[in-house]
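Below is the file structure.csv, which contains CSV, C-alpha atoms.
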chain,number,residue,atom,x,y,z
S,1,HIS,CA,0.0,-44.7,11.9
S,2,TYR,CA,0.9,-41.3,13.2
S,3,GLY,CA,3.4,-42.4,15.7
S,4,ARG,CA,3.4,-41.8,19.4
S,5,GLY,CA,4.5,-38.1,19.4
S,6,ARG,CA,3.0,-35.2,21.1
S,7,TYR,CA,0.5,-34.5,18.4
S,8,SER,CA,-0.4,-38.0,17.3
S,9,ASP,CA,-3.9,-37.9,18.9
S,10,PHE,CA,-4.5,-34.5,17.3
S,11,PHE,CA,-3.6,-35.7,13.8
S,12,ARG,CA,-5.6,-39.0,14.3
S,13,ALA,CA,-8.7,-37.0,15.3
S,14,LEU,CA,-8.4,-34.8,12.2
S,15,SER,CA,-7.5,-37.8,10.0
S,16,VAL,CA,-4.7,-35.6,8.6
S,17,SER,CA,-1.1,-36.7,8.4
S,18,PRO,CA,1.7,-34.4,9.5
S,19,SER,CA,2.9,-34.2,5.8
S,20,SER,CA,-0.5,-33.4,4.4
S,21,PRO,CA,-0.8,-30.2,2.4
S,22,VAL,CA,-3.8,-29.3,4.6
S,23,ASN,CA,-1.8,-29.7,7.8
S,24,PRO,CA,-3.2,-27.3,10.4
S,25,VAL,CA,0.0,-27.3,12.4
S,26,ARG,CA,2.1,-26.2,9.4
S,27,PRO,CA,-0.3,-24.4,7.2
S,28,HIS,CA,0.5,-23.6,3.6
S,29,HIS,CA,2.5,-20.3,3.5
S,30,THR,CA,0.8,-17.7,1.4
S,31,ILE,CA,3.2,-15.2,-0.1
S,32,MET,CA,2.1,-11.6,0.2
S,33,LYS,CA,3.7,-8.8,-1.8
S,34,VAL,CA,4.4,-5.6,0.1
S,35,PHE,CA,5.5,-2.6,-1.8
S,36,LYS,CA,8.0,-0.2,-0.2
S,37,ASP,CA,9.0,3.3,-1.2
S,38,ILE,CA,12.5,2.8,-2.6
S,39,MET,CA,13.5,6.3,-1.5
S,40,CYS,CA,12.8,5.9,2.2
S,41,GLY,CA,11.8,2.3,2.9
S,42,ASP,CA,8.3,3.0,4.1
S,43,GLU,CA,5.8,0.3,3.4
S,44,MET,CA,3.1,1.8,1.1
S,45,MET,CA,0.7,-1.0,0.1
S,46,SER,CA,0.3,-4.7,-0.5
S,47,ASP,CA,-1.2,-6.9,-3.1
S,48,SER,CA,-4.1,-7.8,-0.8
S,49,TYR,CA,-5.8,-4.5,-2.0
S,50,GLY,CA,-5.5,-5.5,-5.6
S,51,GLU,CA,-3.1,-4.0,-8.0
S,52,GLU,CA,-3.4,-2.7,-11.5
S,53,VAL,CA,-0.6,-1.2,-13.7
S,54,ASP,CA,-1.7,1.9,-15.5
S,55,GLY,CA,1.1,3.7,-17.3
S,56,PRO,CA,3.5,5.0,-14.6
S,57,PHE,CA,1.2,4.0,-11.8
S,58,LEU,CA,0.4,1.0,-9.8
S,59,LYS,CA,-3.2,1.5,-8.6
S,60,ALA,CA,-5.1,-0.1,-5.7
S,61,LYS,CA,-8.7,0.4,-4.6
S,62,GLY,CA,-9.2,1.5,-1.0
S,63,ALA,CA,-12.3,1.2,1.1
S,64,TYR,CA,-13.8,2.6,4.3
S,65,VAL,CA,-13.8,0.2,7.2
S,66,MET,CA,-14.8,0.5,10.8
S,67,LYS,CA,-11.9,0.2,13.3
S,68,ASP,CA,-12.2,-0.3,17.1
S,69,THR,CA,-10.0,2.2,18.7
S,70,GLY,CA,-10.1,0.5,22.1
S,71,VAL,CA,-10.8,3.8,23.7
S,72,ALA,CA,-14.0,3.8,25.7
S,73,GLY,CA,-16.0,7.0,25.3
S,74,PHE,CA,-14.3,7.8,22.0
S,75,GLU,CA,-17.0,9.0,19.7
S,76,CYS,CA,-16.8,8.8,16.0
S,77,GLY,CA,-19.5,11.3,15.4
S,78,GLU,CA,-21.4,9.1,12.9
S,79,GLU,CA,-24.9,8.1,13.6
S,80,GLY,CA,-25.3,4.4,14.4
S,81,VAL,CA,-21.6,3.8,15.2
S,82,GLU,CA,-20.6,2.5,18.6
S,83,ASP,CA,-18.3,4.3,21.0
S,84,GLY,CA,-14.7,3.4,20.4
S,85,VAL,CA,-15.2,2.8,16.7
S,86,VAL,CA,-13.9,5.0,14.0
S,87,ARG,CA,-14.2,5.0,10.2
S,88,VAL,CA,-10.9,4.8,8.4
S,89,ILE,CA,-9.6,4.1,4.9
S,90,ASN,CA,-8.1,0.5,4.9
S,91,ILE,CA,-4.9,1.3,3.0
S,92,VAL,CA,-4.2,4.5,5.0
S,93,ASP,CA,-4.7,2.7,8.3
S,94,ALA,CA,-2.8,-0.4,7.4
S,95,PHE,CA,0.3,1.4,6.2
S,96,LYS,CA,0.1,4.5,8.4
S,97,LEU,CA,0.0,6.8,5.4
S,98,GLN,CA,0.0,10.5,6.2
S,99,GLU,CA,-2.2,12.9,4.4
S,100,VAL,CA,-0.3,16.0,3.2
S,101,PRO,CA,-2.1,19.2,2.3
S,102,PHE,CA,-0.5,20.0,-1.0
S,103,ASP,CA,-1.8,22.6,-3.4
S,104,LYS,CA,-0.9,22.5,-7.1
S,105,LYS,CA,2.3,24.5,-6.7
S,106,GLN,CA,3.6,22.5,-3.7
S,107,TYR,CA,2.9,19.2,-5.4
S,108,GLN,CA,4.6,20.4,-8.6
S,109,ALA,CA,7.7,21.4,-6.6
S,110,HIS,CA,7.8,18.2,-4.7
S,111,MET,CA,7.4,16.1,-7.8
S,112,LYS,CA,10.3,17.9,-9.5
S,113,GLY,CA,12.7,16.9,-6.7
S,114,TYR,CA,11.2,13.4,-6.3
S,115,LEU,CA,11.4,12.5,-10.0
S,116,GLN,CA,15.0,13.7,-10.2
S,117,ALA,CA,16.0,11.8,-7.1
S,118,LEU,CA,14.1,8.7,-8.2
S,119,LYS,CA,15.7,8.8,-11.7
S,120,ALA,CA,19.1,9.1,-10.1
S,121,LYS,CA,18.4,6.2,-7.7
S,122,LEU,CA,17.2,3.9,-10.6
S,123,GLU,CA,20.3,4.7,-12.7
S,124,ALA,CA,22.6,4.1,-9.7
S,125,ASP,CA,20.9,0.7,-9.2
S,126,GLY,CA,21.6,-0.2,-12.9
S,127,LYS,CA,17.9,0.3,-14.0
S,128,SER,CA,18.5,2.8,-16.7
S,129,GLU,CA,15.6,1.5,-18.8
S,130,ALA,CA,13.2,2.0,-15.9
S,131,ALA,CA,14.6,5.5,-15.4
S,132,ALA,CA,14.0,6.3,-19.1
S,133,GLU,CA,10.5,4.9,-18.9
S,134,LEU,CA,9.8,6.9,-15.8
S,135,VAL,CA,10.9,10.2,-17.4
S,136,ALA,CA,8.8,9.5,-20.6
S,137,GLN,CA,5.7,8.5,-18.7
S,138,SER,CA,5.8,11.1,-16.0
S,139,LYS,CA,6.0,14.0,-18.6
S,140,SER,CA,2.8,12.8,-20.2
S,141,VAL,CA,0.8,12.6,-16.9
S,142,ILE,CA,2.1,15.4,-14.7
S,143,ALA,CA,0.1,18.1,-16.6
S,144,GLY,CA,-3.1,16.0,-16.2
S,145,ILE,CA,-2.5,15.6,-12.5
S,146,LEU,CA,-1.9,19.3,-12.0
S,147,GLY,CA,-5.1,20.0,-13.9
S,148,LYS,CA,-7.1,18.1,-11.4
S,149,ALA,CA,-5.0,18.6,-8.3
S,150,ASP,CA,-7.9,20.2,-6.4
S,151,GLU,CA,-9.9,17.0,-6.8
S,152,LEU,CA,-7.1,14.7,-5.5
S,153,SER,CA,-5.8,13.8,-2.0
S,154,PHE,CA,-2.1,13.4,-1.4
S,155,TYR,CA,-0.5,10.9,1.0
S,156,MET,CA,3.1,10.1,2.0
S,157,GLY,CA,4.6,7.2,3.9
S,158,GLU,CA,4.6,7.0,7.7
S,159,ASN,CA,7.9,8.9,8.1
S,160,LEU,CA,7.0,11.9,5.8
S,161,GLN,CA,10.6,12.0,4.4
S,162,GLU,CA,11.7,14.6,1.9
S,163,ASN,CA,12.0,13.3,-1.7
S,164,SER,CA,9.8,10.3,-0.9
S,165,MET,CA,6.8,9.3,-2.9
S,166,VAL,CA,3.5,11.2,-2.8
S,167,VAL,CA,0.6,8.8,-3.4
S,168,LEU,CA,-2.3,10.3,-5.4
S,169,VAL,CA,-5.8,9.4,-4.3
S,170,GLU,CA,-8.6,9.9,-6.8
S,171,TRP,CA,-12.2,9.7,-5.6
S,172,ASP,CA,-15.0,8.2,-7.7
S,173,ALA,CA,-18.7,9.4,-7.6
S,174,GLU,CA,-19.5,7.0,-4.7
S,175,GLY,CA,-16.6,8.2,-2.6
S,176,ILE,CA,-14.4,5.2,-3.2
S,177,PRO,CA,-10.7,6.0,-3.2
S,178,THR,CA,-8.2,4.8,-5.8
S,179,PHE,CA,-4.6,5.0,-4.7
S,180,MET,CA,-2.1,5.7,-7.4
S,181,TYR,CA,1.6,4.9,-6.7
S,182,TRP,CA,4.5,5.8,-8.9
S,183,ARG,CA,5.4,2.2,-9.8
S,184,HIS,CA,9.0,2.8,-10.6
S,185,GLY,CA,9.4,4.1,-7.0
S,186,LEU,CA,8.2,0.9,-5.4
S,187,LEU,CA,10.3,-2.1,-4.3
S,188,GLU,CA,8.4,-5.3,-4.1
S,189,LYS,CA,9.1,-7.6,-1.1
S,190,LYS,CA,7.6,-11.0,-0.7
S,191,TYR,CA,6.6,-12.3,2.8
Written as structure tokens, that's how I'd like the structure from this file.
Amino acid sequence: HYGRGRYSDFFRALSVSPSSPVNPVRPHHTIMKVFKDIMCGDEMMSDSYGEEVDGPFLKAKGAYVMKDTGVAGFECGEEGVEDGVVRVINIVDAFKLQEVPFDKKQYQAHMKGYLQALKAKLEADGKSEAAAELVAQSKSVIAGILGKADELSFYMGENLQENSMVVLVEWDAEGIPTFMYWRHGLLEKKY
């Protein structure tokens, strides 16, 4: 018996009790991890795009998706695409990442300041082991990044704050982007 409350007919029709784990009124809460830049607080990615730890990086695969702009007469310029629809990269669109036109020297200068600031932040937060790991791992990969800087895209968080993370994007042969985040610079929040 489901009682005589407001939803009793609803639950009776579904043959589901209010305390059932498949309760449509109180669905099971899925926890999603969102990763924020610890230097500025911008949301950078979530676990819904997959995540893989690779040395100093947390990697996520992006994908092109079609997005309705809601603007009639807006033309994407791609054949076979309706007016008002634009092709975007899912992670860039979801987290409002901003592409930054760094060349090799600009990226190197930014990373010098960023890594120093991040190391200081980690140490101030009592994470000296993470700071030491960051320094060791970053030294081994920076030269490789600089060697292929012309092949990469660079993104920052929505607010484009100085000394915040620069996300590296590497493109495979099919044009699929892999986003590489400095994992020590991310703060995981569960929602």
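Residues lying within 12 Å of Phe102 (chain S), counting all atoms listed in the file and ignoring same-chain neighbours fewer than 5 positions away, are S:Tyr107, S:Gln108, S:Ala109, S:His110, S:Met111, S:Leu146, S:Ala149, S:Asp150, S:Glu151, S:Leu152, S:Ser153, S:Phe154, S:Tyr155, S:Met156, S:Val166, S:Val167, S:Leu168.
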Preceding selection exported with C-alpha atoms as a compact mmCIF listing (two decimals), in the frame of the given file:
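That gives us out00.txt:
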# COMPACT_ATOMS: atom_id res chain seq x y z
CA TYR S 107 2.90 19.20 -5.40
CA GLN S 108 4.60 20.40 -8.60
CA ALA S 109 7.70 21.40 -6.60
CA HIS S 110 7.80 18.20 -4.70
CA MET S 111 7.40 16.10 -7.80
CA LEU S 146 -1.90 19.30 -12.00
CA ALA S 149 -5.00 18.60 -8.30
CA ASP S 150 -7.90 20.20 -6.40
CA GLU S 151 -9.90 17.00 -6.80
CA LEU S 152 -7.10 14.70 -5.50
CA SER S 153 -5.80 13.80 -2.00
CA PHE S 154 -2.10 13.40 -1.40
CA TYR S 155 -0.50 10.90 1.00
CA MET S 156 3.10 10.10 2.00
CA VAL S 166 3.50 11.20 -2.80
CA VAL S 167 0.60 8.80 -3.40
CA LEU S 168 -2.30 10.30 -5.40
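Residues in contact with Glu174 (chain S) at up to 12 Å, not including ones fewer than 4 positions away on its chain and judged by only C-alpha atoms, are Ala63, Tyr64, Glu170 and Thr178 of chain S.
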So that each row is one residue of region 92-175 of chain S with an atom at most 8 Å from region 39-55 of chain S, can you give its shortest atom pair and the distance in Å to one decimal, using all atoms listed in the file, rows by chain and rising number, as CSV?
residue,atom,partner,partner_atom,distance
S:Phe95,CA,S:Met44,CA,5.8
S:Leu97,CA,S:Met44,CA,7.3
S:Leu118,CA,S:Met39,CA,7.1
S:Lys121,CA,S:Met39,CA,7.9
S:Gln137,CA,S:Gly55,CA,6.8
S:Gly157,CA,S:Asp42,CA,5.6
S:Glu158,CA,S:Asp42,CA,6.5
S:Asn159,CA,S:Asp42,CA,7.1
S:Gln161,CA,S:Cys40,CA,6.8
S:Asn163,CA,S:Met39,CA,7.2
S:Ser164,CA,S:Met39,CA,5.5
S:Met165,CA,S:Met39,CA,7.5
Item to complete: Please measure the separation of CA of Lys33 (chain S) and CA of Asp125 (chain S), giving the value in Å to one decimal.
Response: 21.0 Å
Worksheet item: CA of Phe179 (chain S) and CA of Leu160 (chain S) are how many Å apart?
Response: 17.1 Å
Worksheet item: How far is it from CA of Val88 (chain S) to CA of Val34 (chain S), in Å with one decimal?
Response: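 Straight-line distance from CA of Val88 (chain S) to CA of Val34 (chain S) works out to 20.3 Å.
Restricting the calculation to only C-alpha atoms, the smallest distance between Ile38 (chain S) and any of S:Ile176, S:Ala117, S:Ala132, S:Val141 is found for S:Ala117.
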Fill in: Contact residues around Val85 (chain S) with all atoms listed in the file at 6 Å, ignoring same-chain residues under 4 positions, as a VMD selection string
chain S and resid 67 to 69
